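Visitor: Okay, handing you the structure first.
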Number of protein chains: 2
Amino acid sequence: MSATQRPGMETSDALDSDLGWTLGVVFRAYVRTVNALVSHLPGGPRGYQVLTAAAQELPGGQGALAQRLGVDKTVMTYLLDDLEQAGLVERRPDPADRRNKRIVATERGRATWAETQTRLEHAEEHVLAPLDPADRSVFRELLRKLAVHANALDPVHDTCRLVTELAPDTAPVKPRRSPRH
Amino acid sequence: MSATQRPGMETSDALDSDLGWTLGVVFRAYVRTVNALVSHLPGGPRGYQVLTAAAQELPGGQGALAQRLGVDKTVMTYLLDDLEQAGLVERRPDPADRRNKRIVATERGRATWAETQTRLEHAEEHVLAPLDPADRSVFRELLRKLAVHANALDPVHDTCRLVTELAPDTAPVKPRRSPRH
DNA sequence: TATTGTTATACTCTATAACTATA
DNA sequence: TATAGTTATAGAGTATAACAATA
């Protein structure tokens, strides 16, 4: 999609002001790159995250791991099934509480993780390649400031407040959905 | 999730170097905000994009519109069903070729679009609020540079090249999927 | 015959609920 | 009874294929 084709922002006069679009383009480019770099792992990016945790032998069972990654515990079961079948991780019953299962990486899993991690470090530089070194530092620092702030806010609460502030007199259109299937 | 809890990056020593994480945090914060601001529209963000196109009476039928937005034409059918039912847009057969349907906003649709657009402009500033005005300009400019570069590249081709360059001797683990259901 | 849009169907991903084995 | 993990099932979203109307 070219800059003149992008939808939704035709009324803004400058590309500069089109934060959402540029942010989306850069983020998606990064995600595409990362996805390609971890596509050899079962479960893709999330498989990599699980493998990371396994390689570092984090405390806690697979439920804790699921919570950490923000996925459902049932999804974690499927992810681990695939990773275990690929010989990258193992499920070991915790001797202290045999309901828990510790997730540990196999030898092969650790090697795969280390190699993948190296690739991902290069990917960051690849995305930032258009900027000279000084600008990269500046960009990282500004982005970090924004991230810290975004993280500090309660997302739901804050956006609600924002809506109220910006559109106090709006009678929302009822978002009715047509039933499908 | 706090900075010390984030998965996958425990080996990087500084938050600065964690581009993917910070980029994701900021992008998701923006997306959350936007979603909240357009949640009153059927179809959410994509409903807004359709409404934008309709308000500007872009040339072409709904197939062209679907392509423009990067969604399937069948999805466009459902989106338009909902928007039409809400009284925001109309489908008008093109007199020149009655297979085509022109999508035009109703009076109410145009008013809703204008109001929503105003909200979204405020949302940009909300995300950038942690930066002082000078830094905002710098950030927008650097992000624009990255976006232009990311856009100029053929995504698939380039990531393939990247994989080859970074990991020429890798024997990929077969990403076998277990059948579910 | 080719094309626009619709409808019906299938597939993927994710979430909910029921089940087991431990505690 | 309560909890960790698994399995079965259902839902939302999306894509594929067959269809009707028009060219």
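Lettering and numbering for the structure tokens are positional, with chains as A, B, ... in the shown order, residues counted from 1 in each chain, and ligands counted from 1 in the shown order.
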Near segment 5-7 of chain C, counting only C-alpha atoms (C1' of nucleotides), which residues have an atom at most 10 Å away, once you skip same-chain residues fewer than 2 positions from it, shown as a compact mmCIF listing (two decimals) with N, CA and C atoms (P, O5', C5', C4', C3', O3' and C1' of nucleotides), in the first residue's frame?
Guide:
```txt
# COMPACT_ATOMS: atom_id res chain seq x y z
N HIS A 181 -23.84 -17.53 10.00
CA HIS A 181 -23.72 -19.00 10.03
C HIS A 181 -25.05 -19.65 10.42
N GLY B 61 -16.48 0.03 -6.71
CA GLY B 61 -17.51 -0.70 -5.99
C GLY B 61 -16.98 -1.25 -4.69
N GLN B 62 -17.72 -2.17 -4.09
CA GLN B 62 -17.31 -2.65 -2.78
C GLN B 62 -16.18 -3.66 -2.85
N GLY B 63 -16.00 -4.24 -4.01
CA GLY B 63 -14.85 -5.12 -4.19
C GLY B 63 -13.56 -4.33 -4.12
N LYS B 73 -13.62 -9.97 0.23
CA LYS B 73 -14.86 -9.34 -0.24
C LYS B 73 -16.08 -9.85 0.53
N THR B 74 -16.00 -11.07 1.02
CA THR B 74 -17.12 -11.59 1.81
C THR B 74 -17.21 -10.89 3.15
N MET B 76 -16.35 -7.85 3.60
CA MET B 76 -16.91 -6.54 3.26
C MET B 76 -18.43 -6.61 3.20
N THR B 77 -18.96 -7.67 2.66
CA THR B 77 -20.41 -7.85 2.61
C THR B 77 -21.00 -7.76 4.02
N TYR B 78 -20.39 -8.49 4.96
CA TYR B 78 -20.91 -8.48 6.33
C TYR B 78 -20.77 -7.11 6.97
N ARG B 99 -23.77 -4.22 -11.95
CA ARG B 99 -23.19 -5.23 -11.05
C ARG B 99 -22.49 -4.55 -9.87
N ASN B 100 -21.89 -3.39 -10.13
CA ASN B 100 -21.19 -2.64 -9.09
C ASN B 100 -22.16 -1.99 -8.12
N LYS B 101 -21.72 -1.89 -6.87
CA LYS B 101 -22.50 -1.12 -5.90
C LYS B 101 -21.63 -0.04 -5.29
P DT C 3 -12.78 -11.74 -15.58
O5' DT C 3 -13.95 -10.97 -14.81
C5' DT C 3 -14.48 -9.79 -15.39
C4' DT C 3 -15.57 -9.23 -14.49
C3' DT C 3 -15.19 -9.15 -13.01
O3' DT C 3 -15.62 -7.91 -12.49
C1' DT C 3 -17.21 -10.31 -13.24
P DT C 9 -24.85 -24.97 3.61
O5' DT C 9 -23.27 -25.16 3.71
C5' DT C 9 -22.54 -25.46 2.52
C4' DT C 9 -21.05 -25.41 2.81
C3' DT C 9 -20.62 -26.18 4.07
O3' DT C 9 -19.65 -27.15 3.68
C1' DT C 9 -19.64 -24.03 4.01
P DA D 18 -17.08 -25.49 -5.81
O5' DA D 18 -18.62 -25.11 -5.90
C5' DA D 18 -19.50 -25.57 -4.87
C4' DA D 18 -20.72 -24.66 -4.80
C3' DA D 18 -21.47 -24.50 -6.13
O3' DA D 18 -22.87 -24.63 -5.88
C1' DA D 18 -20.96 -22.39 -5.23
P DC D 19 -23.88 -24.61 -7.12
O5' DC D 19 -24.45 -23.13 -7.14
C5' DC D 19 -25.27 -22.68 -6.06
C4' DC D 19 -25.53 -21.19 -6.19
C3' DC D 19 -26.17 -20.75 -7.50
O3' DC D 19 -27.54 -20.44 -7.29
C1' DC D 19 -24.47 -19.24 -6.73
P DA D 20 -28.46 -20.11 -8.61
O5' DA D 20 -28.55 -18.53 -8.58
C5' DA D 20 -28.93 -17.86 -7.37
C4' DA D 20 -28.97 -16.36 -7.61
C3' DA D 20 -29.66 -15.93 -8.91
O3' DA D 20 -30.46 -14.77 -8.68
C1' DA D 20 -27.38 -15.25 -8.95
P DA D 21 -31.27 -14.14 -9.93
O5' DA D 21 -30.35 -12.92 -10.38
C5' DA D 21 -30.07 -11.90 -9.44
C4' DA D 21 -29.13 -10.89 -10.04
C3' DA D 21 -29.59 -10.31 -11.39
O3' DA D 21 -29.46 -8.90 -11.34
C1' DA D 21 -27.38 -11.14 -11.57
```
Visitor: What residues in chain D lie within 8 Å of chain B, counting only C-alpha atoms (C1' of nucleotides), written as a list in words?
Guide: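 Residues satisfying the distance criterion: DA8, DT14, DA15, DA21, DT22 and DA23 of chain D.
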Visitor: Please list as JSON, numbers by chain every residue within 7 Å of Leu146 of chain A, counting only C-alpha atoms (C1' of nucleotides) and excluding residues in the same chain fewer than 3 positions away.
Guide: {"A": [142, 143, 149, 150], "B": [26, 128, 130]}
Visitor: Output the selection as a compact mmCIF listing (two decimals), in the first residue's frame - N, CA and C atoms for each residue.
Guide:
```txt
# COMPACT_ATOMS: atom_id res chain seq x y z
N LEU A 142 13.10 7.48 23.01
CA LEU A 142 11.76 8.06 22.96
C LEU A 142 10.70 6.96 23.05
N LEU A 143 10.94 5.88 22.32
CA LEU A 143 9.99 4.77 22.34
C LEU A 143 9.89 4.18 23.75
N HIS A 149 5.24 4.81 29.88
CA HIS A 149 4.00 5.53 30.17
C HIS A 149 2.78 4.68 29.84
N ALA A 150 2.78 4.07 28.66
CA ALA A 150 1.64 3.25 28.24
C ALA A 150 1.44 2.10 29.21
N VAL B 26 3.78 0.11 22.86
CA VAL B 26 3.26 1.39 22.38
C VAL B 26 2.18 1.16 21.33
N LEU B 128 1.19 10.25 22.52
CA LEU B 128 2.47 10.97 22.51
C LEU B 128 2.64 11.89 23.71
N PRO B 130 3.50 11.65 26.78
CA PRO B 130 4.70 11.63 27.63
C PRO B 130 5.88 12.42 27.07
```
Visitor: Which of these, B:Asp132, B:Asp94, B:Glu84, B:Glu124, has the shortest distance to chain A once you count only C-alpha atoms?
Guide: B:Glu124
Visitor: When you count only C-alpha atoms (C1' of nucleotides), which of these residues is closest to chain B: C:DA23, C:DT4, C:DT12, C:DA17?
Guide: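 Closest candidate: C:DT4.
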Visitor: Just the number, please: distance in Å from atom CA of Gln67 of chain B to atom C1' of DT14 of chain C, one decimal.
Guide: 26.9 Å
Visitor: So which one's closest to chain B, A:His40, A:Arg136, A:His126, A:Arg46? Using only C-alpha atoms, please.
Guide: A:His40
Visitor: Considering only C-alpha atoms (C1' of nucleotides), can you say which of C:DT1, C:DA8, C:DA21, C:DT16 comes closest to chain B?
Guide: C:DA8
Visitor: So which residues touch Glu90 of chain A within 7 Å, counting only C-alpha atoms (C1' of nucleotides), skipping near sequence neighbours fewer than 6 positions away, as a list in words?
Guide: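 Surrounding residues, per the criterion: Glu84, Ile103, Val104, Ala105 and Thr106 of chain A.
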Visitor: As an mmCIF file with N, CA and C atoms, in the first residue's frame, which residues of segment 26-179 of chain B does DSSP assign to alpha helix (DSSP H)?
Guide:
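Result file result.cif:
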```cif
data_model
loop_
_atom_site.group_PDB
_atom_site.id
_atom_site.type_symbol
_atom_site.label_atom_id
_atom_site.label_comp_id
_atom_site.auth_asym_id
_atom_site.auth_seq_id
_atom_site.Cartn_x
_atom_site.Cartn_y
_atom_site.Cartn_z
ATOM 1 N N VAL B 26 3.784 0.113 22.862
ATOM 2 C CA VAL B 26 3.262 1.393 22.379
ATOM 3 C C VAL B 26 2.181 1.158 21.328
ATOM 4 N N PHE B 27 2.453 0.230 20.421
ATOM 5 C CA PHE B 27 1.479 -0.030 19.365
ATOM 6 C C PHE B 27 0.175 -0.554 19.942
ATOM 7 N N ARG B 28 0.282 -1.498 20.858
ATOM 8 C CA ARG B 28 -0.944 -2.060 21.435
ATOM 9 C C ARG B 28 -1.704 -1.015 22.238
ATOM 10 N N ALA B 29 -0.967 -0.141 22.915
ATOM 11 C CA ALA B 29 -1.641 0.927 23.656
ATOM 12 C C ALA B 29 -2.434 1.811 22.692
ATOM 13 N N TYR B 30 -1.802 2.110 21.563
ATOM 14 C CA TYR B 30 -2.482 2.920 20.559
ATOM 15 C C TYR B 30 -3.713 2.199 20.018
ATOM 16 N N VAL B 31 -3.540 0.924 19.698
ATOM 17 C CA VAL B 31 -4.647 0.145 19.158
ATOM 18 C C VAL B 31 -5.796 0.062 20.161
ATOM 19 N N ARG B 32 -5.451 -0.155 21.421
ATOM 20 C CA ARG B 32 -6.489 -0.209 22.455
ATOM 21 C C ARG B 32 -7.276 1.094 22.481
ATOM 22 N N THR B 33 -6.555 2.205 22.455
ATOM 23 C CA THR B 33 -7.211 3.505 22.496
ATOM 24 C C THR B 33 -8.126 3.689 21.294
ATOM 25 N N VAL B 34 -7.594 3.391 20.117
ATOM 26 C CA VAL B 34 -8.391 3.552 18.902
ATOM 27 C C VAL B 34 -9.620 2.646 18.934
ATOM 28 N N ASN B 35 -9.423 1.407 19.334
ATOM 29 C CA ASN B 35 -10.547 0.478 19.397
ATOM 30 C C ASN B 35 -11.651 1.015 20.290
ATOM 31 N N ALA B 36 -11.236 1.580 21.426
ATOM 32 C CA ALA B 36 -12.232 2.125 22.345
ATOM 33 C C ALA B 36 -12.974 3.288 21.696
ATOM 34 N N LEU B 37 -12.244 4.076 20.918
ATOM 35 C CA LEU B 37 -12.851 5.281 20.325
ATOM 36 C C LEU B 37 -13.762 4.965 19.148
ATOM 37 N N GLY B 44 -16.179 -1.905 14.338
ATOM 38 C CA GLY B 44 -15.036 -1.294 15.008
ATOM 39 C C GLY B 44 -14.127 -0.539 14.054
ATOM 40 N N PRO B 45 -12.805 -0.760 14.169
ATOM 41 C CA PRO B 45 -11.843 -0.004 13.349
ATOM 42 C C PRO B 45 -12.104 -0.147 11.854
ATOM 43 N N ARG B 46 -12.482 -1.333 11.429
ATOM 44 C CA ARG B 46 -12.702 -1.509 9.988
ATOM 45 C C ARG B 46 -13.989 -0.871 9.547
ATOM 46 N N GLY B 47 -14.978 -0.872 10.439
ATOM 47 C CA GLY B 47 -16.192 -0.122 10.146
ATOM 48 C C GLY B 47 -15.876 1.344 9.947
ATOM 49 N N TYR B 48 -14.959 1.850 10.758
ATOM 50 C CA TYR B 48 -14.553 3.257 10.605
ATOM 51 C C TYR B 48 -13.882 3.490 9.256
ATOM 52 N N GLN B 49 -13.038 2.570 8.857
ATOM 53 C CA GLN B 49 -12.357 2.729 7.574
ATOM 54 C C GLN B 49 -13.340 2.709 6.414
ATOM 55 N N VAL B 50 -14.321 1.820 6.493
ATOM 56 C CA VAL B 50 -15.347 1.779 5.452
ATOM 57 C C VAL B 50 -16.134 3.076 5.441
ATOM 58 N N LEU B 51 -16.476 3.532 6.635
ATOM 59 C CA LEU B 51 -17.231 4.779 6.747
ATOM 60 C C LEU B 51 -16.436 5.949 6.169
ATOM 61 N N THR B 52 -15.128 5.940 6.407
ATOM 62 C CA THR B 52 -14.260 6.984 5.850
ATOM 63 C C THR B 52 -14.342 6.995 4.330
ATOM 64 N N ALA B 53 -14.205 5.815 3.742
ATOM 65 C CA ALA B 53 -14.270 5.714 2.284
ATOM 66 C C ALA B 53 -15.635 6.149 1.774
ATOM 67 N N ALA B 54 -16.675 5.750 2.503
ATOM 68 C CA ALA B 54 -18.036 6.091 2.082
ATOM 69 C C ALA B 54 -18.266 7.594 2.166
ATOM 70 N N ALA B 55 -17.763 8.204 3.225
ATOM 71 C CA ALA B 55 -17.970 9.644 3.412
ATOM 72 C C ALA B 55 -17.281 10.437 2.312
ATOM 73 N N GLN B 62 -17.722 -2.175 -4.085
ATOM 74 C CA GLN B 62 -17.314 -2.647 -2.777
ATOM 75 C C GLN B 62 -16.180 -3.657 -2.854
ATOM 76 N N GLY B 63 -16.000 -4.242 -4.014
ATOM 77 C CA GLY B 63 -14.849 -5.119 -4.193
ATOM 78 C C GLY B 63 -13.555 -4.333 -4.124
ATOM 79 N N ALA B 64 -13.521 -3.207 -4.828
ATOM 80 C CA ALA B 64 -12.347 -2.337 -4.794
ATOM 81 C C ALA B 64 -12.091 -1.847 -3.377
ATOM 82 N N LEU B 65 -13.186 -1.550 -2.684
ATOM 83 C CA LEU B 65 -13.070 -1.074 -1.309
ATOM 84 C C LEU B 65 -12.450 -2.149 -0.418
ATOM 85 N N ALA B 66 -12.908 -3.376 -0.615
ATOM 86 C CA ALA B 66 -12.375 -4.479 0.179
ATOM 87 C C ALA B 66 -10.869 -4.620 -0.043
ATOM 88 N N GLN B 67 -10.479 -4.551 -1.302
ATOM 89 C CA GLN B 67 -9.069 -4.694 -1.636
ATOM 90 C C GLN B 67 -8.251 -3.583 -0.982
ATOM 91 N N ARG B 68 -8.788 -2.392 -1.040
ATOM 92 C CA ARG B 68 -8.145 -1.232 -0.444
ATOM 93 C C ARG B 68 -7.901 -1.417 1.044
ATOM 94 N N LEU B 69 -8.858 -2.026 1.707
ATOM 95 C CA LEU B 69 -8.746 -2.208 3.150
ATOM 96 C C LEU B 69 -8.038 -3.515 3.515
ATOM 97 N N LYS B 73 -13.620 -9.974 0.231
ATOM 98 C CA LYS B 73 -14.855 -9.338 -0.242
ATOM 99 C C LYS B 73 -16.077 -9.846 0.528
ATOM 100 N N THR B 74 -15.995 -11.074 1.022
ATOM 101 C CA THR B 74 -17.125 -11.589 1.806
ATOM 102 C C THR B 74 -17.212 -10.887 3.150
ATOM 103 N N VAL B 75 -16.073 -10.568 3.726
ATOM 104 C CA VAL B 75 -16.067 -9.810 4.974
ATOM 105 C C VAL B 75 -16.681 -8.431 4.739
ATOM 106 N N MET B 76 -16.350 -7.846 3.604
ATOM 107 C CA MET B 76 -16.914 -6.538 3.263
ATOM 108 C C MET B 76 -18.431 -6.611 3.203
ATOM 109 N N THR B 77 -18.963 -7.672 2.656
ATOM 110 C CA THR B 77 -20.414 -7.847 2.615
ATOM 111 C C THR B 77 -21.005 -7.760 4.020
ATOM 112 N N TYR B 78 -20.393 -8.486 4.961
ATOM 113 C CA TYR B 78 -20.910 -8.481 6.333
ATOM 114 C C TYR B 78 -20.766 -7.107 6.973
ATOM 115 N N LEU B 79 -19.595 -6.491 6.775
ATOM 116 C CA LEU B 79 -19.359 -5.157 7.322
ATOM 117 C C LEU B 79 -20.433 -4.184 6.844
ATOM 118 N N LEU B 80 -20.701 -4.217 5.536
ATOM 119 C CA LEU B 80 -21.669 -3.291 4.958
ATOM 120 C C LEU B 80 -23.082 -3.607 5.425
ATOM 121 N N ASP B 81 -23.384 -4.899 5.590
ATOM 122 C CA ASP B 81 -24.692 -5.269 6.136
ATOM 123 C C ASP B 81 -24.922 -4.539 7.459
ATOM 124 N N ASP B 82 -23.909 -4.602 8.325
ATOM 125 C CA ASP B 82 -24.043 -4.009 9.656
ATOM 126 C C ASP B 82 -24.098 -2.481 9.592
ATOM 127 N N LEU B 83 -23.242 -1.902 8.769
ATOM 128 C CA LEU B 83 -23.216 -0.437 8.662
ATOM 129 C C LEU B 83 -24.508 0.093 8.039
ATOM 130 N N GLU B 84 -25.044 -0.654 7.093
ATOM 131 C CA GLU B 84 -26.277 -0.233 6.437
ATOM 132 C C GLU B 84 -27.450 -0.356 7.413
ATOM 133 N N GLN B 85 -27.428 -1.433 8.164
ATOM 134 C CA GLN B 85 -28.495 -1.645 9.143
ATOM 135 C C GLN B 85 -28.487 -0.551 10.205
ATOM 136 N N GLU B 107 -26.473 10.883 5.664
ATOM 137 C CA GLU B 107 -26.252 12.125 6.422
ATOM 138 C C GLU B 107 -25.707 11.785 7.809
ATOM 139 N N ARG B 108 -26.377 10.852 8.434
ATOM 140 C CA ARG B 108 -25.964 10.428 9.765
ATOM 141 C C ARG B 108 -24.566 9.828 9.736
ATOM 142 N N GLY B 109 -24.287 9.076 8.690
ATOM 143 C CA GLY B 109 -22.976 8.460 8.562
ATOM 144 C C GLY B 109 -21.879 9.502 8.476
ATOM 145 N N ARG B 110 -22.112 10.557 7.721
ATOM 146 C CA ARG B 110 -21.094 11.602 7.588
ATOM 147 C C ARG B 110 -20.868 12.300 8.916
ATOM 148 N N ALA B 111 -21.954 12.571 9.634
ATOM 149 C CA ALA B 111 -21.815 13.234 10.932
ATOM 150 C C ALA B 111 -21.030 12.348 11.897
ATOM 151 N N THR B 112 -21.389 11.075 11.919
ATOM 152 C CA THR B 112 -20.705 10.129 12.808
ATOM 153 C C THR B 112 -19.224 10.037 12.467
ATOM 154 N N TRP B 113 -18.929 10.016 11.169
ATOM 155 C CA TRP B 113 -17.534 9.915 10.743
ATOM 156 C C TRP B 113 -16.731 11.136 11.202
ATOM 157 N N ALA B 114 -17.291 12.321 10.983
ATOM 158 C CA ALA B 114 -16.569 13.556 11.315
ATOM 159 C C ALA B 114 -16.259 13.611 12.803
ATOM 160 N N GLU B 115 -17.249 13.217 13.572
ATOM 161 C CA GLU B 115 -17.071 13.260 15.023
ATOM 162 C C GLU B 115 -16.016 12.248 15.475
ATOM 163 N N THR B 116 -16.087 11.058 14.889
ATOM 164 C CA THR B 116 -15.138 10.015 15.252
ATOM 165 C C THR B 116 -13.718 10.413 14.861
ATOM 166 N N GLN B 117 -13.598 11.034 13.702
ATOM 167 C CA GLN B 117 -12.282 11.426 13.239
ATOM 168 C C GLN B 117 -11.624 12.413 14.199
ATOM 169 N N THR B 118 -12.437 13.310 14.724
ATOM 170 C CA THR B 118 -11.921 14.274 15.695
ATOM 171 C C THR B 118 -11.381 13.559 16.931
ATOM 172 N N ARG B 119 -12.139 12.581 17.395
ATOM 173 C CA ARG B 119 -11.669 11.820 18.545
ATOM 174 C C ARG B 119 -10.321 11.174 18.286
ATOM 175 N N LEU B 120 -10.179 10.621 17.086
ATOM 176 C CA LEU B 120 -8.960 9.876 16.783
ATOM 177 C C LEU B 120 -7.750 10.800 16.733
ATOM 178 N N GLU B 121 -7.959 12.030 16.276
ATOM 179 C CA GLU B 121 -6.837 12.971 16.276
ATOM 180 C C GLU B 121 -6.361 13.230 17.698
ATOM 181 N N HIS B 122 -7.305 13.341 18.615
ATOM 182 C CA HIS B 122 -6.917 13.529 20.007
ATOM 183 C C HIS B 122 -6.176 12.310 20.538
ATOM 184 N N ALA B 123 -6.570 11.136 20.068
ATOM 185 C CA ALA B 123 -5.946 9.908 20.558
ATOM 186 C C ALA B 123 -4.457 9.897 20.242
ATOM 187 N N GLU B 124 -4.084 10.399 19.086
ATOM 188 C CA GLU B 124 -2.661 10.448 18.733
ATOM 189 C C GLU B 124 -1.879 11.241 19.766
ATOM 190 N N GLU B 125 -2.417 12.406 20.080
ATOM 191 C CA GLU B 125 -1.714 13.240 21.052
ATOM 192 C C GLU B 125 -1.665 12.581 22.420
ATOM 193 N N HIS B 126 -2.723 11.829 22.713
ATOM 194 C CA HIS B 126 -2.766 11.141 24.001
ATOM 195 C C HIS B 126 -1.625 10.141 24.128
ATOM 196 N N VAL B 127 -1.366 9.410 23.037
ATOM 197 C CA VAL B 127 -0.290 8.420 23.065
ATOM 198 C C VAL B 127 1.064 9.112 23.181
ATOM 199 N N LEU B 128 1.191 10.253 22.515
ATOM 200 C CA LEU B 128 2.471 10.968 22.508
ATOM 201 C C LEU B 128 2.643 11.887 23.715
ATOM 202 N N PRO B 133 6.857 18.628 23.226
ATOM 203 C CA PRO B 133 6.575 18.906 21.797
ATOM 204 C C PRO B 133 7.750 18.677 20.865
ATOM 205 N N ALA B 134 8.938 19.067 21.270
ATOM 206 C CA ALA B 134 10.104 18.887 20.400
ATOM 207 C C ALA B 134 10.359 17.400 20.162
ATOM 208 N N ASP B 135 10.302 16.621 21.246
ATOM 209 C CA ASP B 135 10.534 15.187 21.116
ATOM 210 C C ASP B 135 9.458 14.508 20.276
ATOM 211 N N ARG B 136 8.245 15.026 20.370
ATOM 212 C CA ARG B 136 7.181 14.440 19.540
ATOM 213 C C ARG B 136 7.508 14.566 18.069
ATOM 214 N N SER B 137 7.974 15.722 17.679
ATOM 215 C CA SER B 137 8.337 15.931 16.273
ATOM 216 C C SER B 137 9.447 14.983 15.861
ATOM 217 N N VAL B 138 10.454 14.876 16.719
ATOM 218 C CA VAL B 138 11.585 13.995 16.418
ATOM 219 C C VAL B 138 11.091 12.562 16.270
ATOM 220 N N PHE B 139 10.273 12.136 17.219
ATOM 221 C CA PHE B 139 9.777 10.759 17.179
ATOM 222 C C PHE B 139 8.982 10.509 15.900
ATOM 223 N N ARG B 140 8.106 11.443 15.576
ATOM 224 C CA ARG B 140 7.298 11.269 14.358
ATOM 225 C C ARG B 140 8.185 11.184 13.128
ATOM 226 N N GLU B 141 9.217 11.989 13.093
ATOM 227 C CA GLU B 141 10.080 12.005 11.919
ATOM 228 C C GLU B 141 10.878 10.692 11.807
ATOM 229 N N LEU B 142 11.415 10.230 12.915
ATOM 230 C CA LEU B 142 12.183 8.982 12.879
ATOM 231 C C LEU B 142 11.269 7.813 12.511
ATOM 232 N N LEU B 143 10.082 7.813 13.106
ATOM 233 C CA LEU B 143 9.132 6.747 12.810
ATOM 234 C C LEU B 143 8.746 6.776 11.334
ATOM 235 N N ARG B 144 8.596 7.978 10.796
ATOM 236 C CA ARG B 144 8.251 8.114 9.389
ATOM 237 C C ARG B 144 9.350 7.524 8.499
ATOM 238 N N LYS B 145 10.590 7.802 8.864
ATOM 239 C CA LYS B 145 11.709 7.237 8.099
ATOM 240 C C LYS B 145 11.652 5.720 8.105
ATOM 241 N N LEU B 146 11.424 5.153 9.286
ATOM 242 C CA LEU B 146 11.364 3.697 9.396
ATOM 243 C C LEU B 146 10.201 3.144 8.585
ATOM 244 N N ALA B 147 9.063 3.832 8.642
ATOM 245 C CA ALA B 147 7.870 3.354 7.938
ATOM 246 C C ALA B 147 8.081 3.380 6.435
ATOM 247 N N VAL B 148 8.680 4.442 5.942
ATOM 248 C CA VAL B 148 8.930 4.554 4.507
ATOM 249 C C VAL B 148 9.828 3.412 4.049
ATOM 250 N N HIS B 149 10.849 3.144 4.836
ATOM 251 C CA HIS B 149 11.767 2.065 4.484
ATOM 252 C C HIS B 149 11.067 0.711 4.536
ATOM 253 N N ALA B 150 10.320 0.483 5.602
ATOM 254 C CA ALA B 150 9.633 -0.804 5.761
ATOM 255 C C ALA B 150 8.644 -1.013 4.627
ATOM 256 N N ASN B 151 8.007 0.081 4.211
ATOM 257 C CA ASN B 151 7.022 0.010 3.157
ATOM 258 C C ASN B 151 7.662 -0.252 1.798
ATOM 259 N N ALA B 152 8.860 0.283 1.614
ATOM 260 C CA ALA B 152 9.531 0.167 0.316
ATOM 261 C C ALA B 152 9.978 -1.259 0.038
ATOM 262 N N PRO B 155 8.028 -7.329 1.680
ATOM 263 C CA PRO B 155 8.135 -7.972 2.990
ATOM 264 C C PRO B 155 8.572 -9.425 2.917
ATOM 265 N N VAL B 156 7.904 -10.207 2.109
ATOM 266 C CA VAL B 156 8.194 -11.639 2.071
ATOM 267 C C VAL B 156 9.605 -11.891 1.561
ATOM 268 N N HIS B 157 9.880 -11.297 0.415
ATOM 269 C CA HIS B 157 11.191 -11.464 -0.169
ATOM 270 C C HIS B 157 12.289 -11.088 0.801
ATOM 271 N N ASP B 158 12.099 -9.945 1.402
ATOM 272 C CA ASP B 158 13.156 -9.426 2.234
ATOM 273 C C ASP B 158 13.398 -10.277 3.471
ATOM 274 N N THR B 159 12.325 -10.704 4.114
ATOM 275 C CA THR B 159 12.530 -11.516 5.305
ATOM 276 C C THR B 159 13.161 -12.848 4.941
ATOM 277 N N CYS B 160 12.840 -13.356 3.757
ATOM 278 C CA CYS B 160 13.481 -14.593 3.331
ATOM 279 C C CYS B 160 14.985 -14.385 3.187
ATOM 280 N N ARG B 161 15.329 -13.259 2.533
ATOM 281 C CA ARG B 161 16.730 -12.931 2.362
ATOM 282 C C ARG B 161 17.406 -12.805 3.738
ATOM 283 N N LEU B 162 16.711 -12.170 4.639
ATOM 284 C CA LEU B 162 17.263 -11.979 5.974
ATOM 285 C C LEU B 162 17.541 -13.313 6.643
ATOM 286 N N VAL B 163 16.592 -14.217 6.543
ATOM 287 C CA VAL B 163 16.770 -15.525 7.161
ATOM 288 C C VAL B 163 17.992 -16.217 6.572
ATOM 289 N N THR B 164 18.101 -16.149 5.254
ATOM 290 C CA THR B 164 19.218 -16.810 4.608
ATOM 291 C C THR B 164 20.544 -16.207 5.050
ATOM 292 N N GLU B 165 20.547 -14.891 5.120
ATOM 293 C CA GLU B 165 21.781 -14.212 5.519
ATOM 294 C C GLU B 165 22.203 -14.541 6.937
ATOM 295 N N LEU B 166 21.229 -14.547 7.818
ATOM 296 C CA LEU B 166 21.563 -14.670 9.227
ATOM 297 C C LEU B 166 21.773 -16.106 9.662
#
```
Visitor: Of the residues B:Gly87, B:Val38, B:Leu19, B:Gly60, which is the one nearest to chain C, using only C-alpha atoms (C1' of nucleotides)?
Guide: B:Gly60
Visitor: As a CSV table (one decimal) with N, CA and C atoms, in the first residue's frame, please: every residue in segment 88-163 of chain A that a backbone DSSP assignment puts in strand (DSSP E or B).
Guide:
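Result went into out.csv, see below:
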```
chain,number,residue,atom,x,y,z
A,89,VAL,N,11.3,-29.5,24.2
A,89,VAL,CA,11.1,-29.3,25.7
A,89,VAL,C,10.6,-30.6,26.3
A,90,GLU,N,10.6,-30.7,27.6
A,90,GLU,CA,10.0,-31.9,28.3
A,90,GLU,C,9.1,-31.4,29.4
A,91,ARG,N,8.1,-32.2,29.7
A,91,ARG,CA,7.3,-32.0,30.8
A,91,ARG,C,7.7,-32.9,31.9
A,92,ARG,N,8.1,-32.4,33.1
A,92,ARG,CA,8.5,-33.2,34.2
A,92,ARG,C,7.7,-32.9,35.4
A,93,PRO,N,7.1,-34.0,35.9
A,93,PRO,CA,6.2,-33.8,37.2
A,93,PRO,C,7.1,-33.3,38.3
A,101,LYS,N,3.6,-29.5,36.6
A,101,LYS,CA,4.6,-30.0,35.6
A,101,LYS,C,5.6,-28.9,35.3
A,102,ARG,N,6.9,-29.2,35.6
A,102,ARG,CA,8.0,-28.3,35.2
A,102,ARG,C,8.3,-28.4,33.8
A,103,ILE,N,8.5,-27.3,33.1
A,103,ILE,CA,8.8,-27.3,31.7
A,103,ILE,C,10.3,-27.0,31.5
A,104,VAL,N,11.0,-28.0,31.0
A,104,VAL,CA,12.5,-27.8,30.8
A,104,VAL,C,12.8,-28.1,29.3
A,105,ALA,N,13.8,-27.3,28.9
A,105,ALA,CA,14.3,-27.5,27.5
A,105,ALA,C,15.2,-28.7,27.4
```
